[in-house]
Amino acid sequence: MDNTATQSAAAPLEESDRSDLLDALRGFALFGVCLANLFTSFSLWGETGAPAPASLATAATDPAAAFLIRALIDGKFYSLFSLLFGIGFAVQLQRSQARGDAKLGTYRRRLWVLLGIGLAHSLLIWSGDILAFYALAGLLLVRLRGISDRALLRWVVVLLLLPIPLWAIFWLGGGWKASVPLTPGLPFYAIGGAIAESMKMTTFYQAVATENWGTYLRILQGSIFFRYGGLLFQWRICKVLAMFLLGLWVGRHQIFRSPAAHLPLLRRVAGWGLALGLPASLLSAYLNAGSAYDNGEALGLAHAGLYALGVGPLALAFAALFALAWLGRGRAVLRQLAPMGRMALTCYLTQSLIGVFLFYGIGLGWMGHVGPTLLWPLAVAIIAAQLLACRWWLARFRFGPVEWLWRSLTYRQWQPLRRATPLVAAVG
């Protein structure tokens, strides 16, 4: 008998099957991602060619604001998203097994569609995209789906710590001063550099200052090579895949479905995550190693160690603390973030559009003129606006617009979008 005949038809997850906790946690993660991207990629505070930080009206408080972003935000929230990606994979895996799709054909197609969305994002809007990288890493995750829980957790530890010896080899081998730097991202840097040189662009600030959309699109073609050179150079695949696998473990054990039953585990994760991750992240921010990859062997090795010890554990502590607050009196407040989590892909892409419009030359050109002090309230304002927009949209439609496109392409048929009857509860 043909096994495909017994498979149930693939279909998107029903609203009633969604986890409010996971959706709210995604909404929380979107705030951190928004603030981190504003700081590292859009504001260009202190970048070569930008106005001197001391000349800004917020100069007195900007160093403290930047310190807090580096210590508490940068890296932690993309790690949180990576964890959520792994949990989502576990959910999709269970649904695929239930309908007899052992090869995960629908999920693989879902990843290829995400790859296309990510590449379009990179080449048309902003080169700092992470979606395409997640899609490629997700294909690796599919290959690892059958490993045991014990082996899975061992892989998590190995992958989180692996960048430390790899960075040691790089720095002890001469770092950037070596005749052939030991970095896997070097070919991508070379291609990106050649494109930038052909356009006579000497700094990133100069490149994105252009007011011409056609020029900006050409810049994006070169910037995507710098982006992937950086991702490879930072060994981001190790960090992302580790959090993917940890999310797979969480999803297997259905912790998000019954967090109250795992209260001791959540408390231990919160305690150990803070005890290990917070001091390492604070020290990393103090040394300004969070974004300094070229300050010599000492800071380079310090960055690798502090990043491995700080980012992952602190991200897990944030997730555990969120779940603990959800079990307590904080649920009524935290669940207000769930609409954003249900439209996370749309919100992520919209944040890129907002950042480009506000800061780059093709928009308002705020780059270099807004210090870290103002980025905190700006991120809050963006999230508040998105939250209101998501609540309005989901009262009338079943999916976010990009989520609808993603699902339609994945399942090879247009999904019903508009609700027959608007939901009053979604907007009030």
# chains A, B, ... in the order shown; residues from 1 in each chain; ligands from 1
$ select_by_dssp --residues "segment 39-203 of chain A" --states "alpha helix (DSSP H)" --output "PyMOL selection string"
chain A and resi 62-68+76-98+105-124+131-143+149-161+163-172+186-198
$ closest_residue --among "A:Leu80, A:Arg110, A:Leu248, A:Gly193" --to "Leu141 of chain A" --atoms "only C-alpha atoms"
A:Leu248
$ closest_atom_pairs --of "segment 263-361 of chain A" --to "segment 209-229 of chain A" --cutoff "10 Å" --atoms "only C-alpha atoms" --output "Markdown table"
| residue | atom | partner | partner_atom | distance |
| --- | --- | --- | --- | --- |
| A:Phe359 | CA | A:Ala209 | CA | 8.8 |
| A:Tyr360 | CA | A:Ala209 | CA | 5.8 |
| A:Gly361 | CA | A:Ala209 | CA | 4.2 |
$ closest_residue --among "A:Pro163, A:Pro339, A:Gly174, A:Gly271" --to "Gly27 of chain A" --atoms "only C-alpha atoms"
A:Pro339
$ residues_around --residues "Val91 of chain A" --least-positions-apart "6" --cutoff "10 Å" --atoms "only C-alpha atoms" --output "list of chain:residue names"
A:Leu13, A:Arg18, A:Phe85, A:Leu248, A:Gly251, A:Arg252, A:Gln254
$ write_last_selection --atoms "C-alpha atoms" --output "compact mmCIF listing (two decimals), in the first residue's frame"
# COMPACT_ATOMS: atom_id res chain seq x y z
CA LEU A 13 -1.55 25.36 12.77
CA ARG A 18 -1.25 27.99 19.44
CA PHE A 85 12.62 28.57 16.37
CA LEU A 248 13.95 21.12 20.16
CA GLY A 251 9.52 21.26 22.54
CA ARG A 252 9.93 17.51 22.94
CA GLN A 254 6.21 20.16 26.09
$ closest_residue --among "A:Arg143, A:Arg154, A:His303, A:Arg70" --to "Arg108 of chain A" --atoms "only C-alpha atoms"
A:Arg143
$ closest_residue --among "A:Leu345, A:Met340, A:Leu84, A:Ile169" --to "Trp404 of chain A" --atoms "only C-alpha atoms"
A:Leu345
$ residues_around --residues "Gln415 of chain A" --least-positions-apart "5" --cutoff "12 Å" --atoms "only C-alpha atoms" --output "count of residues only"
17
$ atom_distance --atom1 "atom CA of Val208 of chain A" --atom2 "atom CA of Ser127 of chain A"
11.0 Å
$ atom_distance --atom1 "atom CA of Arg331 of chain A" --atom2 "atom CA of Ala319 of chain A"
13.9 Å
$ decode --residues "segment 134-168 of chain A" --atoms "N, CA and C atoms" --output "PDB file, in the first residue's frame"
ATOM      1  N   TYR A 134      18.675  31.579   9.297  1.00  0.00           N
ATOM      2  CA  TYR A 134      17.863  30.657  10.078  1.00  0.00           C
ATOM      3  C   TYR A 134      17.343  29.509   9.203  1.00  0.00           C
ATOM      4  N   ALA A 135      16.934  29.835   7.989  1.00  0.00           N
ATOM      5  CA  ALA A 135      16.418  28.794   7.097  1.00  0.00           C
ATOM      6  C   ALA A 135      17.502  27.764   6.780  1.00  0.00           C
ATOM      7  N   LEU A 136      18.708  28.229   6.487  1.00  0.00           N
ATOM      8  CA  LEU A 136      19.799  27.305   6.181  1.00  0.00           C
ATOM      9  C   LEU A 136      20.172  26.474   7.405  1.00  0.00           C
ATOM     10  N   ALA A 137      20.239  27.128   8.567  1.00  0.00           N
ATOM     11  CA  ALA A 137      20.536  26.388   9.791  1.00  0.00           C
ATOM     12  C   ALA A 137      19.410  25.420  10.118  1.00  0.00           C
ATOM     13  N   GLY A 138      18.173  25.800   9.782  1.00  0.00           N
ATOM     14  CA  GLY A 138      17.039  24.918  10.013  1.00  0.00           C
ATOM     15  C   GLY A 138      17.144  23.623   9.225  1.00  0.00           C
ATOM     16  N   LEU A 139      17.724  23.688   8.031  1.00  0.00           N
ATOM     17  CA  LEU A 139      17.920  22.473   7.246  1.00  0.00           C
ATOM     18  C   LEU A 139      18.894  21.529   7.939  1.00  0.00           C
ATOM     19  N   LEU A 140      19.879  22.082   8.661  1.00  0.00           N
ATOM     20  CA  LEU A 140      20.758  21.251   9.478  1.00  0.00           C
ATOM     21  C   LEU A 140      19.990  20.656  10.651  1.00  0.00           C
ATOM     22  N   LEU A 141      19.124  21.450  11.244  1.00  0.00           N
ATOM     23  CA  LEU A 141      18.328  20.967  12.369  1.00  0.00           C
ATOM     24  C   LEU A 141      17.467  19.776  11.960  1.00  0.00           C
ATOM     25  N   VAL A 142      16.919  19.820  10.771  1.00  0.00           N
ATOM     26  CA  VAL A 142      16.116  18.699  10.278  1.00  0.00           C
ATOM     27  C   VAL A 142      16.930  17.415  10.273  1.00  0.00           C
ATOM     28  N   ARG A 143      18.199  17.519   9.901  1.00  0.00           N
ATOM     29  CA  ARG A 143      19.067  16.336   9.839  1.00  0.00           C
ATOM     30  C   ARG A 143      19.354  15.776  11.228  1.00  0.00           C
ATOM     31  N   LEU A 144      19.248  16.617  12.253  1.00  0.00           N
ATOM     32  CA  LEU A 144      19.592  16.205  13.617  1.00  0.00           C
ATOM     33  C   LEU A 144      18.366  15.827  14.445  1.00  0.00           C
ATOM     34  N   ARG A 145      17.207  15.738  13.826  1.00  0.00           N
ATOM     35  CA  ARG A 145      15.971  15.572  14.571  1.00  0.00           C
ATOM     36  C   ARG A 145      15.869  14.255  15.324  1.00  0.00           C
ATOM     37  N   GLY A 146      16.630  13.242  14.915  1.00  0.00           N
ATOM     38  CA  GLY A 146      16.483  11.926  15.520  1.00  0.00           C
ATOM     39  C   GLY A 146      17.414  11.649  16.688  1.00  0.00           C
ATOM     40  N   ILE A 147      18.287  12.571  17.053  1.00  0.00           N
ATOM     41  CA  ILE A 147      19.235  12.273  18.119  1.00  0.00           C
ATOM     42  C   ILE A 147      18.538  12.253  19.473  1.00  0.00           C
ATOM     43  N   SER A 148      19.112  11.510  20.396  1.00  0.00           N
ATOM     44  CA  SER A 148      18.510  11.348  21.710  1.00  0.00           C
ATOM     45  C   SER A 148      18.600  12.633  22.520  1.00  0.00           C
ATOM     46  N   ASP A 149      17.813  12.696  23.595  1.00  0.00           N
ATOM     47  CA  ASP A 149      17.842  13.877  24.455  1.00  0.00           C
ATOM     48  C   ASP A 149      19.229  14.114  25.036  1.00  0.00           C
ATOM     49  N   ARG A 150      19.875  13.047  25.493  1.00  0.00           N
ATOM     50  CA  ARG A 150      21.195  13.204  26.097  1.00  0.00           C
ATOM     51  C   ARG A 150      22.210  13.704  25.079  1.00  0.00           C
ATOM     52  N   ALA A 151      22.198  13.118  23.898  1.00  0.00           N
ATOM     53  CA  ALA A 151      23.127  13.565  22.856  1.00  0.00           C
ATOM     54  C   ALA A 151      22.810  14.993  22.430  1.00  0.00           C
ATOM     55  N   LEU A 152      21.530  15.322  22.390  1.00  0.00           N
ATOM     56  CA  LEU A 152      21.115  16.668  21.997  1.00  0.00           C
ATOM     57  C   LEU A 152      21.675  17.704  22.962  1.00  0.00           C
ATOM     58  N   LEU A 153      21.560  17.454  24.263  1.00  0.00           N
ATOM     59  CA  LEU A 153      22.062  18.400  25.257  1.00  0.00           C
ATOM     60  C   LEU A 153      23.586  18.484  25.224  1.00  0.00           C
ATOM     61  N   ARG A 154      24.243  17.383  24.936  1.00  0.00           N
ATOM     62  CA  ARG A 154      25.709  17.424  24.792  1.00  0.00           C
ATOM     63  C   ARG A 154      26.110  18.302  23.617  1.00  0.00           C
ATOM     64  N   TRP A 155      25.385  18.167  22.504  1.00  0.00           N
ATOM     65  CA  TRP A 155      25.657  19.011  21.342  1.00  0.00           C
ATOM     66  C   TRP A 155      25.460  20.488  21.676  1.00  0.00           C
ATOM     67  N   VAL A 156      24.458  20.799  22.487  1.00  0.00           N
ATOM     68  CA  VAL A 156      24.216  22.189  22.873  1.00  0.00           C
ATOM     69  C   VAL A 156      25.437  22.757  23.585  1.00  0.00           C
ATOM     70  N   VAL A 157      25.959  22.016  24.551  1.00  0.00           N
ATOM     71  CA  VAL A 157      27.121  22.481  25.312  1.00  0.00           C
ATOM     72  C   VAL A 157      28.341  22.627  24.405  1.00  0.00           C
ATOM     73  N   VAL A 158      28.568  21.628  23.566  1.00  0.00           N
ATOM     74  CA  VAL A 158      29.733  21.666  22.665  1.00  0.00           C
ATOM     75  C   VAL A 158      29.647  22.852  21.714  1.00  0.00           C
ATOM     76  N   LEU A 159      28.485  23.069  21.132  1.00  0.00           N
ATOM     77  CA  LEU A 159      28.338  24.140  20.153  1.00  0.00           C
ATOM     78  C   LEU A 159      28.463  25.522  20.805  1.00  0.00           C
ATOM     79  N   LEU A 160      27.965  25.678  22.025  1.00  0.00           N
ATOM     80  CA  LEU A 160      28.091  26.969  22.698  1.00  0.00           C
ATOM     81  C   LEU A 160      29.535  27.287  23.053  1.00  0.00           C
ATOM     82  N   LEU A 161      30.316  26.245  23.383  1.00  0.00           N
ATOM     83  CA  LEU A 161      31.702  26.461  23.793  1.00  0.00           C
ATOM     84  C   LEU A 161      32.694  26.392  22.633  1.00  0.00           C
ATOM     85  N   LEU A 162      32.294  25.783  21.522  1.00  0.00           N
ATOM     86  CA  LEU A 162      33.212  25.573  20.401  1.00  0.00           C
ATOM     87  C   LEU A 162      33.842  26.858  19.872  1.00  0.00           C
ATOM     88  N   PRO A 163      33.123  28.000  19.798  1.00  0.00           N
ATOM     89  CA  PRO A 163      33.780  29.214  19.284  1.00  0.00           C
ATOM     90  C   PRO A 163      34.995  29.649  20.089  1.00  0.00           C
ATOM     91  N   ILE A 164      35.092  29.256  21.357  1.00  0.00           N
ATOM     92  CA  ILE A 164      36.242  29.689  22.172  1.00  0.00           C
ATOM     93  C   ILE A 164      37.553  29.134  21.604  1.00  0.00           C
ATOM     94  N   PRO A 165      37.698  27.809  21.410  1.00  0.00           N
ATOM     95  CA  PRO A 165      38.948  27.335  20.806  1.00  0.00           C
ATOM     96  C   PRO A 165      39.137  27.790  19.365  1.00  0.00           C
ATOM     97  N   LEU A 166      38.041  27.945  18.633  1.00  0.00           N
ATOM     98  CA  LEU A 166      38.169  28.403  17.250  1.00  0.00           C
ATOM     99  C   LEU A 166      38.703  29.837  17.205  1.00  0.00           C
ATOM    100  N   TRP A 167      38.205  30.674  18.114  1.00  0.00           N
ATOM    101  CA  TRP A 167      38.731  32.040  18.189  1.00  0.00           C
ATOM    102  C   TRP A 167      40.172  32.043  18.688  1.00  0.00           C
ATOM    103  N   ALA A 168      40.509  31.133  19.607  1.00  0.00           N
ATOM    104  CA  ALA A 168      41.887  31.053  20.092  1.00  0.00           C
ATOM    105  C   ALA A 168      42.832  30.731  18.950  1.00  0.00           C
TER     106      ALA A 168
END
